[in-house]
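Novice: Please find start.cif (mmCIF, N, CA, C and O atoms) on the next line:
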data_protein
#
loop_
_atom_site.label_atom_id
_atom_site.label_comp_id
_atom_site.auth_asym_id
_atom_site.auth_seq_id
_atom_site.Cartn_x
_atom_site.Cartn_y
_atom_site.Cartn_z
N MET X 1 4.40 -16.23 6.04
CA MET X 1 4.35 -16.84 4.73
C MET X 1 5.55 -16.38 3.91
O MET X 1 6.01 -15.26 4.03
N THR X 2 5.98 -17.23 3.03
CA THR X 2 7.15 -16.97 2.19
C THR X 2 6.74 -16.24 0.91
O THR X 2 5.74 -16.57 0.28
N TRP X 3 7.55 -15.25 0.54
CA TRP X 3 7.35 -14.56 -0.73
C TRP X 3 7.81 -15.46 -1.87
O TRP X 3 8.82 -16.13 -1.76
N ARG X 4 7.07 -15.44 -2.99
CA ARG X 4 7.42 -16.24 -4.16
C ARG X 4 7.39 -15.34 -5.38
O ARG X 4 6.58 -14.42 -5.46
N LYS X 5 8.25 -15.64 -6.34
CA LYS X 5 8.20 -14.93 -7.62
C LYS X 5 8.28 -15.94 -8.74
O LYS X 5 8.65 -17.10 -8.53
N SER X 6 7.95 -15.51 -9.92
CA SER X 6 7.92 -16.38 -11.08
C SER X 6 9.27 -17.03 -11.32
O SER X 6 10.31 -16.41 -11.16
N THR X 7 9.24 -18.28 -11.76
CA THR X 7 10.48 -18.95 -12.12
C THR X 7 11.10 -18.32 -13.36
O THR X 7 12.28 -18.49 -13.62
N HIS X 8 10.32 -17.56 -14.12
CA HIS X 8 10.84 -16.84 -15.28
C HIS X 8 11.74 -15.68 -14.85
O HIS X 8 12.42 -15.09 -15.67
N SER X 9 11.75 -15.34 -13.58
CA SER X 9 12.55 -14.23 -13.07
C SER X 9 13.71 -14.72 -12.23
O SER X 9 14.21 -14.00 -11.37
N SER X 10 14.17 -15.91 -12.46
CA SER X 10 15.22 -16.48 -11.63
C SER X 10 16.63 -16.09 -12.08
O SER X 10 17.58 -16.24 -11.33
N GLY X 11 16.78 -15.57 -13.29
CA GLY X 11 18.10 -15.18 -13.77
C GLY X 11 18.51 -13.81 -13.27
O GLY X 11 17.68 -13.01 -12.83
N VAL X 12 19.79 -13.52 -13.33
CA VAL X 12 20.30 -12.24 -12.86
C VAL X 12 19.72 -11.09 -13.67
O VAL X 12 19.33 -10.06 -13.13
N SER X 13 19.63 -11.25 -14.98
CA SER X 13 19.12 -10.16 -15.83
C SER X 13 17.61 -10.00 -15.73
O SER X 13 17.08 -8.98 -16.16
N ASP X 14 16.93 -10.98 -15.18
CA ASP X 14 15.47 -10.92 -15.06
C ASP X 14 15.03 -10.77 -13.60
O ASP X 14 14.04 -11.33 -13.19
N SER X 15 15.78 -10.00 -12.84
CA SER X 15 15.48 -9.91 -11.41
C SER X 15 14.37 -8.92 -11.09
O SER X 15 13.95 -8.83 -9.95
N ASN X 16 13.89 -8.16 -12.07
CA ASN X 16 12.81 -7.20 -11.84
C ASN X 16 11.48 -7.91 -11.97
O ASN X 16 11.07 -8.28 -13.07
N CYS X 17 10.82 -8.11 -10.86
CA CYS X 17 9.59 -8.88 -10.86
C CYS X 17 8.79 -8.51 -9.60
O CYS X 17 9.31 -7.87 -8.70
N VAL X 18 7.56 -8.92 -9.57
CA VAL X 18 6.80 -8.81 -8.34
C VAL X 18 6.87 -10.14 -7.62
O VAL X 18 7.05 -11.19 -8.22
N GLU X 19 6.74 -10.08 -6.31
CA GLU X 19 6.67 -11.28 -5.49
C GLU X 19 5.28 -11.33 -4.90
O GLU X 19 4.64 -10.29 -4.70
N ALA X 20 4.80 -12.51 -4.63
CA ALA X 20 3.47 -12.69 -4.07
C ALA X 20 3.50 -13.71 -2.94
O ALA X 20 4.36 -14.57 -2.90
N ARG X 21 2.55 -13.56 -2.06
CA ARG X 21 2.35 -14.57 -1.02
C ARG X 21 0.87 -14.60 -0.67
O ARG X 21 0.16 -13.62 -0.79
N GLN X 22 0.42 -15.79 -0.28
CA GLN X 22 -0.98 -15.97 0.09
C GLN X 22 -1.14 -15.68 1.57
O GLN X 22 -0.34 -16.10 2.40
N GLN X 23 -2.18 -14.93 1.89
CA GLN X 23 -2.53 -14.59 3.26
C GLN X 23 -3.99 -14.96 3.46
O GLN X 23 -4.86 -14.26 2.96
N ALA X 24 -4.24 -16.05 4.16
CA ALA X 24 -5.62 -16.53 4.39
C ALA X 24 -6.36 -16.64 3.06
O ALA X 24 -5.98 -17.43 2.23
N ASP X 25 -7.38 -15.81 2.85
CA ASP X 25 -8.16 -15.90 1.60
C ASP X 25 -7.85 -14.73 0.66
O ASP X 25 -8.66 -14.34 -0.15
N ALA X 26 -6.64 -14.16 0.79
CA ALA X 26 -6.23 -13.04 -0.04
C ALA X 26 -4.76 -13.20 -0.42
O ALA X 26 -4.13 -14.20 -0.07
N PHE X 27 -4.23 -12.23 -1.15
CA PHE X 27 -2.83 -12.27 -1.57
C PHE X 27 -2.19 -10.91 -1.30
O PHE X 27 -2.87 -9.89 -1.26
N GLN X 28 -0.88 -10.94 -1.15
CA GLN X 28 -0.10 -9.71 -1.05
C GLN X 28 0.95 -9.75 -2.15
O GLN X 28 1.48 -10.80 -2.47
N VAL X 29 1.23 -8.58 -2.73
CA VAL X 29 2.27 -8.47 -3.75
C VAL X 29 3.19 -7.31 -3.39
O VAL X 29 2.79 -6.35 -2.74
N ARG X 30 4.46 -7.43 -3.82
CA ARG X 30 5.44 -6.37 -3.61
C ARG X 30 6.45 -6.41 -4.75
O ARG X 30 6.55 -7.39 -5.50
N ASP X 31 7.25 -5.37 -4.86
CA ASP X 31 8.30 -5.26 -5.87
C ASP X 31 9.52 -6.03 -5.39
O ASP X 31 10.08 -5.73 -4.33
N SER X 32 9.95 -7.01 -6.16
CA SER X 32 11.06 -7.87 -5.71
C SER X 32 12.38 -7.12 -5.60
O SER X 32 13.20 -7.43 -4.75
N LYS X 33 12.60 -6.13 -6.44
CA LYS X 33 13.89 -5.45 -6.38
C LYS X 33 13.99 -4.52 -5.17
O LYS X 33 15.09 -4.17 -4.75
N LEU X 34 12.87 -4.15 -4.57
CA LEU X 34 12.88 -3.33 -3.35
C LEU X 34 12.86 -4.19 -2.09
O LEU X 34 13.19 -3.71 -1.01
N GLY X 35 12.43 -5.45 -2.23
CA GLY X 35 12.42 -6.37 -1.09
C GLY X 35 11.65 -5.83 0.10
O GLY X 35 10.51 -5.38 -0.04
N HIS X 36 12.29 -5.81 1.26
CA HIS X 36 11.62 -5.39 2.50
C HIS X 36 11.22 -3.91 2.49
O HIS X 36 10.38 -3.50 3.27
N ASP X 37 11.82 -3.12 1.60
CA ASP X 37 11.48 -1.69 1.52
C ASP X 37 10.29 -1.42 0.60
O ASP X 37 9.83 -0.29 0.50
N SER X 38 9.81 -2.45 -0.08
CA SER X 38 8.70 -2.29 -1.01
C SER X 38 7.39 -2.11 -0.27
O SER X 38 7.14 -2.77 0.74
N PRO X 39 6.51 -1.25 -0.81
CA PRO X 39 5.15 -1.25 -0.27
C PRO X 39 4.50 -2.58 -0.57
O PRO X 39 4.83 -3.23 -1.57
N ILE X 40 3.59 -3.01 0.28
CA ILE X 40 2.88 -4.28 0.10
C ILE X 40 1.44 -3.96 -0.24
O ILE X 40 0.78 -3.18 0.44
N PHE X 41 0.97 -4.57 -1.32
CA PHE X 41 -0.40 -4.36 -1.77
C PHE X 41 -1.23 -5.59 -1.45
O PHE X 41 -0.86 -6.71 -1.80
N ASP X 42 -2.35 -5.38 -0.79
CA ASP X 42 -3.27 -6.45 -0.44
C ASP X 42 -4.32 -6.58 -1.54
O ASP X 42 -4.94 -5.59 -1.93
N LEU X 43 -4.48 -7.80 -2.06
CA LEU X 43 -5.43 -8.06 -3.13
C LEU X 43 -6.36 -9.20 -2.75
O LEU X 43 -5.93 -10.17 -2.12
N THR X 44 -7.60 -9.07 -3.16
CA THR X 44 -8.52 -10.20 -2.99
C THR X 44 -8.09 -11.29 -3.97
O THR X 44 -7.33 -11.04 -4.91
N THR X 45 -8.58 -12.48 -3.78
CA THR X 45 -8.27 -13.56 -4.70
C THR X 45 -8.71 -13.22 -6.12
O THR X 45 -7.98 -13.46 -7.08
N THR X 46 -9.87 -12.62 -6.26
CA THR X 46 -10.38 -12.22 -7.57
C THR X 46 -9.44 -11.21 -8.23
O THR X 46 -9.11 -11.33 -9.41
N ASP X 47 -9.01 -10.21 -7.47
CA ASP X 47 -8.11 -9.19 -8.02
C ASP X 47 -6.75 -9.79 -8.37
O ASP X 47 -6.14 -9.43 -9.38
N PHE X 48 -6.25 -10.72 -7.55
CA PHE X 48 -4.96 -11.35 -7.82
C PHE X 48 -5.04 -12.16 -9.12
O PHE X 48 -4.14 -12.10 -9.95
N LYS X 49 -6.11 -12.91 -9.29
CA LYS X 49 -6.28 -13.69 -10.52
C LYS X 49 -6.37 -12.76 -11.74
O LYS X 49 -5.83 -13.07 -12.80
N ALA X 50 -7.02 -11.64 -11.59
CA ALA X 50 -7.11 -10.66 -12.69
C ALA X 50 -5.74 -10.08 -13.01
O ALA X 50 -5.39 -9.90 -14.18
N LEU X 51 -4.93 -9.82 -12.01
CA LEU X 51 -3.56 -9.34 -12.21
C LEU X 51 -2.74 -10.35 -12.97
O LEU X 51 -2.06 -10.02 -13.94
N ILE X 52 -2.80 -11.60 -12.56
CA ILE X 52 -2.05 -12.67 -13.24
C ILE X 52 -2.52 -12.81 -14.69
O ILE X 52 -1.70 -12.95 -15.59
N SER X 53 -3.81 -12.77 -14.90
CA SER X 53 -4.36 -12.89 -16.24
C SER X 53 -3.90 -11.73 -17.12
O SER X 53 -3.55 -11.93 -18.29
N ALA X 54 -3.90 -10.53 -16.59
CA ALA X 54 -3.49 -9.35 -17.37
C ALA X 54 -2.01 -9.38 -17.70
O ALA X 54 -1.58 -8.90 -18.74
N ALA X 55 -1.20 -9.97 -16.81
CA ALA X 55 0.24 -10.03 -17.01
C ALA X 55 0.67 -11.13 -17.96
O ALA X 55 1.76 -11.10 -18.51
N ALA X 56 -0.20 -12.10 -18.16
CA ALA X 56 0.16 -13.27 -19.01
C ALA X 56 0.12 -12.96 -20.47
O ALA X 56 -0.40 -12.08 -20.98
#
Here is a file; write its structure as structure tokens.

Specialist:
Amino acid sequence: MTWRKSTHSSGVSDSNCVEARQQADAFQVRDSKLGHDSPIFDLTTTDFKALISAAA
């Protein structure tokens, strides 16, 4: 699956963001500035939605 990040983080000065991807019925998130070296956090769909809601 492909990592995705917010379109609000597409500029050079806004490159610090988390990336997310869907895995079956869950999600994974990582730090975009660390890329492949970032730890990957596994979240349930409920937890992912709560993360998005808290960040908004």

Novice: Around all the atoms of region 15-25 of chain X listed in the file, with 6 Å of room on each side, what axis-aligned box do you get, giving centre and edge lengths in Å to one decimal, as JSON?

Specialist:
{"center_x": 3.6, "center_y": -12.3, "center_z": -4.3, "size_x": 36.4, "size_y": 22.2, "size_z": 29.5}

Novice: List every residue of region 1-53 of chain X that DSSP, applied to the backbone of this structure, assigns to alpha helix (DSSP H), and report them as an MDAnalysis selection string.

Specialist: chainID X and resid 45:53

Novice: When you draw a straight line from CA of Lys33 (chain X) to CA of Ala54 (chain X), how long is it in Å?

Specialist: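 Answer for the CA of Lys33 (chain X) to CA of Ala54 (chain X) separation: 20.9 Å.
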
Novice: Can you list what the PyMOL selection byres (((chain X and resi 36-50 and name CA) around 12) and name CA) grabs from this structure, as a list in words?

Specialist: Trp3, Cys17, Val18, Glu19, Ala20, Arg21, Gln22, Gln23, Ala24, Asp25, Ala26, Phe27, Gln28, Val29, Arg30, Asp31, Ser32, Lys33, Leu34, Gly35, Leu51, Ile52, Ser53, Ala54, Ala55 and Ala56 of chain X

Novice: For the strand (DSSP E or B) assignment from backbone DSSP, which residues of chain X qualify? Please present them as a tab-separated table (two decimals) with N, CA, C and O atoms, in the frame of the given file.

Specialist:
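Saved as states.tsv:
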chain	number	residue	atom	x	y	z
X	4	ARG	N	7.07	-15.44	-2.99
X	4	ARG	CA	7.42	-16.24	-4.16
X	4	ARG	C	7.39	-15.34	-5.38
X	4	ARG	O	6.58	-14.42	-5.46
X	5	LYS	N	8.25	-15.64	-6.34
X	5	LYS	CA	8.20	-14.93	-7.62
X	5	LYS	C	8.28	-15.94	-8.74
X	5	LYS	O	8.65	-17.10	-8.53
X	18	VAL	N	7.56	-8.92	-9.57
X	18	VAL	CA	6.80	-8.81	-8.34
X	18	VAL	C	6.87	-10.14	-7.62
X	18	VAL	O	7.05	-11.19	-8.22
X	19	GLU	N	6.74	-10.08	-6.31
X	19	GLU	CA	6.67	-11.28	-5.49
X	19	GLU	C	5.28	-11.33	-4.90
X	19	GLU	O	4.64	-10.29	-4.70
X	20	ALA	N	4.80	-12.51	-4.63
X	20	ALA	CA	3.47	-12.69	-4.07
X	20	ALA	C	3.50	-13.71	-2.94
X	20	ALA	O	4.36	-14.57	-2.90
X	21	ARG	N	2.55	-13.56	-2.06
X	21	ARG	CA	2.35	-14.57	-1.02
X	21	ARG	C	0.87	-14.60	-0.67
X	21	ARG	O	0.16	-13.62	-0.79
X	22	GLN	N	0.42	-15.79	-0.28
X	22	GLN	CA	-0.98	-15.97	0.09
X	22	GLN	C	-1.14	-15.68	1.57
X	22	GLN	O	-0.34	-16.10	2.40
X	23	GLN	N	-2.18	-14.93	1.89
X	23	GLN	CA	-2.53	-14.59	3.26
X	23	GLN	C	-3.99	-14.96	3.46
X	23	GLN	O	-4.86	-14.26	2.96
X	26	ALA	N	-6.64	-14.16	0.79
X	26	ALA	CA	-6.23	-13.04	-0.04
X	26	ALA	C	-4.76	-13.20	-0.42
X	26	ALA	O	-4.13	-14.20	-0.07
X	27	PHE	N	-4.23	-12.23	-1.15
X	27	PHE	CA	-2.83	-12.27	-1.57
X	27	PHE	C	-2.19	-10.91	-1.30
X	27	PHE	O	-2.87	-9.89	-1.26
X	28	GLN	N	-0.88	-10.94	-1.15
X	28	GLN	CA	-0.10	-9.71	-1.05
X	28	GLN	C	0.95	-9.75	-2.15
X	28	GLN	O	1.48	-10.80	-2.47
X	29	VAL	N	1.23	-8.58	-2.73
X	29	VAL	CA	2.27	-8.47	-3.75
X	29	VAL	C	3.19	-7.31	-3.39
X	29	VAL	O	2.79	-6.35	-2.74
X	30	ARG	N	4.46	-7.43	-3.82
X	30	ARG	CA	5.44	-6.37	-3.61
X	30	ARG	C	6.45	-6.41	-4.75
X	30	ARG	O	6.55	-7.39	-5.50
X	31	ASP	N	7.25	-5.37	-4.86
X	31	ASP	CA	8.30	-5.26	-5.87
X	31	ASP	C	9.52	-6.03	-5.39
X	31	ASP	O	10.08	-5.73	-4.33
X	41	PHE	N	0.97	-4.57	-1.32
X	41	PHE	CA	-0.40	-4.36	-1.77
X	41	PHE	C	-1.23	-5.59	-1.45
X	41	PHE	O	-0.86	-6.71	-1.80
X	42	ASP	N	-2.35	-5.38	-0.79
X	42	ASP	CA	-3.27	-6.45	-0.44
X	42	ASP	C	-4.32	-6.58	-1.54
X	42	ASP	O	-4.94	-5.59	-1.93
X	43	LEU	N	-4.48	-7.80	-2.06
X	43	LEU	CA	-5.43	-8.06	-3.13
X	43	LEU	C	-6.36	-9.20	-2.75
X	43	LEU	O	-5.93	-10.17	-2.12
X	44	THR	N	-7.60	-9.07	-3.16
X	44	THR	CA	-8.52	-10.20	-2.99
X	44	THR	C	-8.09	-11.29	-3.97
X	44	THR	O	-7.33	-11.04	-4.91
